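S.K.: If you scroll down you'll find the structure; I have some questions about it.
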Amino acid sequence: MGNVILIGFMGCGKSTVGLRLSYRLRRTIIDTDREIEKEESRTITDIFATDGEAYFRDRETDCLKRLKSSANNQIISVGGGLPMREENRALLHELGQVFYLRAEGETIYERVKDDTKRPLLQVEDPLARIKTLITERDPYYRAAADVVITVDGKSFSQILDEIEENAEPM
Ligand code: S3P
């Protein structure tokens, strides 16, 4: 196992931080959303529209179970809603060290406001929706995390430094 896992709300920077971290630590990166899209041969938007959120959530758990038998010493970035399931939190712990990239609603909003690829944010007032969801989800992210890193106002290199300082030796 020994993976570095990045969790946090949509737009908190998991994918970008994951990519940069993969260069720094010379480890490959896996993104659960992309794995599910490959497995299903369709986009997250199509999955939500055709089969609904519950179907997608089951695919997330399946994806973690697959990773348990294949992922070693990698960076794993997971979809924003994945740590809400208790079973998934347990699987994350088994897979490696979990870093929660924590961001305020305003930070998230600035990053995702023009995005059309996140079905849960296609609503009239995305900022309000983001804030409500963060309040609901924060306790679950904390429960899943080994390390919490606040990202507001920080550069990517600062965030990477913090992850490296806290990472367990390979
Ligand atoms: C979701 C986050 C998305 C994606 C899906 C649902 C969520 O991933 O899994 O749209 O429930 O927060 P990102 O966090 O990578 O955007």
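Labels used: A, B, ... for chains in the order of the structure tokens, numbers from 1 for residues in each chain, and numbers from 1 for ligands as shown.
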Please identify every residue of segment 65-153 of chain A that has at least one atom no farther than 12 Å from an atom of segment 163-170 of chain A, counting only C-alpha atoms, and for each give the shortest atom pair and the distance in Å to one decimal, arranged by chain then increasing number, as a tab-separated table.

M.R.:
residue	atom	partner	partner_atom	distance
A:Asn72	CA	A:Met170	CA	10.6
A:Asn73	CA	A:Met170	CA	7.5
A:Gln74	CA	A:Met170	CA	10.4
A:Ile75	CA	A:Ala167	CA	11.6
A:Gly96	CA	A:Glu168	CA	9.5
A:Gln97	CA	A:Glu168	CA	7.6
A:Val98	CA	A:Ala167	CA	9.4
A:Phe99	CA	A:Ile163	CA	7.6
A:Tyr100	CA	A:Ile163	CA	10.0
A:Leu101	CA	A:Ile163	CA	9.8
A:Asp146	CA	A:Asn166	CA	9.5
A:Val147	CA	A:Asn166	CA	7.5
A:Val148	CA	A:Ile163	CA	9.5
A:Ile149	CA	A:Ile163	CA	7.8
A:Thr150	CA	A:Ile163	CA	10.9
A:Val151	CA	A:Ile163	CA	11.2

S.K.: Restricted to N, CA, C and O atoms, what would the selected residues look like written as a CSV table (one decimal), in the first residue's frame?

M.R.:
chain,number,residue,atom,x,y,z
A,72,ASN,N,0.1,0.7,-5.2
A,72,ASN,CA,1.2,0.7,-4.2
A,72,ASN,C,2.1,1.9,-4.4
A,72,ASN,O,2.5,2.1,-5.6
A,73,ASN,N,2.4,2.6,-3.4
A,73,ASN,CA,3.3,3.8,-3.5
A,73,ASN,C,2.9,4.8,-4.6
A,73,ASN,O,3.7,5.3,-5.3
A,74,GLN,N,1.6,5.0,-4.7
A,74,GLN,CA,1.1,6.0,-5.7
A,74,GLN,C,0.5,7.2,-5.1
A,74,GLN,O,0.3,7.2,-3.8
A,75,ILE,N,0.1,8.2,-5.9
A,75,ILE,CA,-0.7,9.3,-5.4
A,75,ILE,C,-2.1,9.0,-5.9
A,75,ILE,O,-2.3,8.7,-7.0
A,96,GLY,N,-3.6,3.9,2.4
A,96,GLY,CA,-2.4,4.8,2.7
A,96,GLY,C,-2.7,5.9,3.6
A,96,GLY,O,-3.6,5.9,4.4
A,97,GLN,N,-1.9,7.0,3.5
A,97,GLN,CA,-2.0,8.2,4.3
A,97,GLN,C,-2.9,9.2,3.6
A,97,GLN,O,-2.7,9.6,2.5
A,98,VAL,N,-3.9,9.7,4.4
A,98,VAL,CA,-4.9,10.5,3.8
A,98,VAL,C,-4.7,12.0,4.2
A,98,VAL,O,-4.7,12.3,5.3
A,99,PHE,N,-4.6,12.8,3.1
A,99,PHE,CA,-4.5,14.3,3.3
A,99,PHE,C,-5.7,15.0,2.9
A,99,PHE,O,-6.2,14.8,1.8
A,100,TYR,N,-6.3,15.7,3.8
A,100,TYR,CA,-7.5,16.5,3.5
A,100,TYR,C,-7.1,17.9,3.1
A,100,TYR,O,-6.6,18.7,4.0
A,101,LEU,N,-7.3,18.3,1.9
A,101,LEU,CA,-7.1,19.7,1.4
A,101,LEU,C,-8.3,20.5,1.7
A,101,LEU,O,-9.3,20.4,1.0
A,146,ASP,N,-5.7,11.7,7.9
A,146,ASP,CA,-4.6,11.6,8.8
A,146,ASP,C,-4.0,13.0,9.0
A,146,ASP,O,-3.6,13.3,10.1
A,147,VAL,N,-4.1,13.8,8.0
A,147,VAL,CA,-3.5,15.2,8.0
A,147,VAL,C,-4.5,16.2,7.4
A,147,VAL,O,-5.0,15.9,6.3
A,148,VAL,N,-4.7,17.3,8.0
A,148,VAL,CA,-5.6,18.3,7.4
A,148,VAL,C,-4.7,19.5,7.0
A,148,VAL,O,-3.9,20.0,7.8
A,149,ILE,N,-4.8,19.9,5.7
A,149,ILE,CA,-4.0,21.0,5.2
A,149,ILE,C,-4.9,22.1,4.7
A,149,ILE,O,-5.8,21.9,3.8
A,150,THR,N,-4.9,23.3,5.3
A,150,THR,CA,-5.7,24.4,4.8
A,150,THR,C,-5.0,25.0,3.6
A,150,THR,O,-3.9,25.3,3.7
A,151,VAL,N,-5.8,25.2,2.5
A,151,VAL,CA,-5.2,25.6,1.3
A,151,VAL,C,-5.5,27.1,0.9
A,151,VAL,O,-4.8,27.6,0.0

S.K.: Do you have, as a Markdown table, the list of residues of chain A lying at most 6 Å from ligand 1, each with its nearest atom pair and that distance in Å to one decimal, counting only C-alpha atoms and all ligand atoms and ordered by chain then number?

M.R.:
| residue | atom | partner | partner_atom_place_in_ligand_line | distance |
| --- | --- | --- | --- | --- |
| A:Phe9 | CA | ligand 1 | 14 (O) | 5.4 |
| A:Met10 | CA | ligand 1 | 14 (O) | 3.4 |
| A:Gly11 | CA | ligand 1 | 16 (O) | 5.9 |
| A:Asp33 | CA | ligand 1 | 9 (O) | 5.5 |
| A:Gly79 | CA | ligand 1 | 8 (O) | 3.6 |
| A:Gly80 | CA | ligand 1 | 14 (O) | 3.4 |
| A:Gly81 | CA | ligand 1 | 11 (O) | 3.5 |
| A:Arg118 | CA | ligand 1 | 10 (O) | 4.4 |
| A:Pro119 | CA | ligand 1 | 10 (O) | 5.6 |

S.K.: If you run DSSP on the backbone here, which positions in segment 69-113 of chain A get helix (DSSP H, G or I)? Please write them as a list in words.

M.R.: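 Reading the DSSP output for segment 69-113 of chain A, helix (DSSP H, G or I) covers Ser69, Ser70, Leu82, Pro83, Met84, Glu86, Glu87, Asn88, Arg89, Ala90, Leu91, Leu92, His93, Glu94, Leu95, Gly105, Glu106, Thr107, Ile108, Tyr109, Glu110, Arg111 and Val112 of chain A.
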
S.K.: Taking C-alpha atoms for each residue, export the selection above as a short mmCIF file (atom, residue, chain, number, x, y, z; two decimals), in the first residue's frame.

M.R.:
data_model
loop_
_atom_site.label_atom_id
_atom_site.label_comp_id
_atom_site.auth_asym_id
_atom_site.auth_seq_id
_atom_site.Cartn_x
_atom_site.Cartn_y
_atom_site.Cartn_z
CA SER A 69 -5.39 -4.91 -4.93
CA SER A 70 -3.37 -2.82 -7.38
CA LEU A 82 -16.24 9.67 -1.94
CA PRO A 83 -15.22 10.00 1.75
CA MET A 84 -18.89 10.40 2.80
CA GLU A 86 -18.04 4.88 5.99
CA GLU A 87 -16.93 1.86 3.96
CA ASN A 88 -14.93 4.18 1.69
CA ARG A 89 -13.25 5.90 4.64
CA ALA A 90 -12.11 2.50 5.93
CA LEU A 91 -10.80 1.57 2.47
CA LEU A 92 -8.91 4.88 2.23
CA HIS A 93 -7.17 4.18 5.53
CA GLU A 94 -6.13 0.76 4.31
CA LEU A 95 -4.77 2.26 1.09
CA GLY A 105 -16.47 28.14 0.19
CA GLU A 106 -15.28 31.37 -1.46
CA THR A 107 -11.97 29.79 -2.53
CA ILE A 108 -13.84 26.86 -4.07
CA TYR A 109 -16.38 29.10 -5.78
CA GLU A 110 -13.68 31.16 -7.51
CA ARG A 111 -12.17 27.98 -8.93
CA VAL A 112 -15.32 26.21 -10.09
#

S.K.: Could you go through segment 75-105 of chain A and tell me which residues DSSP, when run on the backbone, assigns to strand (DSSP E or B), listing them as a ChimeraX atom specification?

M.R.: /A:75-77,96-102

S.K.: List the spatial neighbours of Leu21 of chain A as a PyMOL selection string - criterion: any atom at most 9 Å away, only C-alpha atoms, same-chain residues fewer than 4 positions off excluded.

M.R.: chain A and resi 16-17+25-27+29+75+160+163-164

S.K.: Kindly export the residues of the current selection with N, CA and C atoms, as an mmCIF file, in the first residue's frame.

M.R.:
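Full text of again-v6.cif as output:
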data_model
loop_
_atom_site.group_PDB
_atom_site.id
_atom_site.type_symbol
_atom_site.label_atom_id
_atom_site.label_comp_id
_atom_site.auth_asym_id
_atom_site.auth_seq_id
_atom_site.Cartn_x
_atom_site.Cartn_y
_atom_site.Cartn_z
ATOM 1 N N THR A 16 -4.524 19.081 -9.322
ATOM 2 C CA THR A 16 -3.287 19.829 -9.592
ATOM 3 C C THR A 16 -2.223 19.488 -8.564
ATOM 4 N N VAL A 17 -2.600 19.467 -7.290
ATOM 5 C CA VAL A 17 -1.633 19.114 -6.239
ATOM 6 C C VAL A 17 -1.130 17.693 -6.487
ATOM 7 N N LEU A 25 7.549 13.546 -5.982
ATOM 8 C CA LEU A 25 7.844 12.296 -5.267
ATOM 9 C C LEU A 25 8.172 11.139 -6.216
ATOM 10 N N ARG A 26 8.095 11.432 -7.527
ATOM 11 C CA ARG A 26 8.314 10.403 -8.557
ATOM 12 C C ARG A 26 7.419 9.179 -8.320
ATOM 13 N N ARG A 27 6.165 9.490 -8.153
ATOM 14 C CA ARG A 27 5.187 8.403 -8.035
ATOM 15 C C ARG A 27 4.107 8.648 -9.083
ATOM 16 N N ILE A 29 0.199 8.861 -10.557
ATOM 17 C CA ILE A 29 -1.041 9.368 -9.955
ATOM 18 C C ILE A 29 -2.266 8.676 -10.539
ATOM 19 N N ILE A 75 0.100 8.164 -5.879
ATOM 20 C CA ILE A 75 -0.711 9.284 -5.400
ATOM 21 C C ILE A 75 -2.134 8.978 -5.857
ATOM 22 N N LEU A 160 2.467 21.731 -1.366
ATOM 23 C CA LEU A 160 3.322 20.556 -1.584
ATOM 24 C C LEU A 160 4.346 20.388 -0.458
ATOM 25 N N ILE A 163 2.666 18.916 2.522
ATOM 26 C CA ILE A 163 2.390 17.479 2.358
ATOM 27 C C ILE A 163 3.686 16.692 2.572
ATOM 28 N N GLU A 164 4.754 17.173 1.963
ATOM 29 C CA GLU A 164 6.031 16.453 2.079
ATOM 30 C C GLU A 164 6.506 16.394 3.533
#
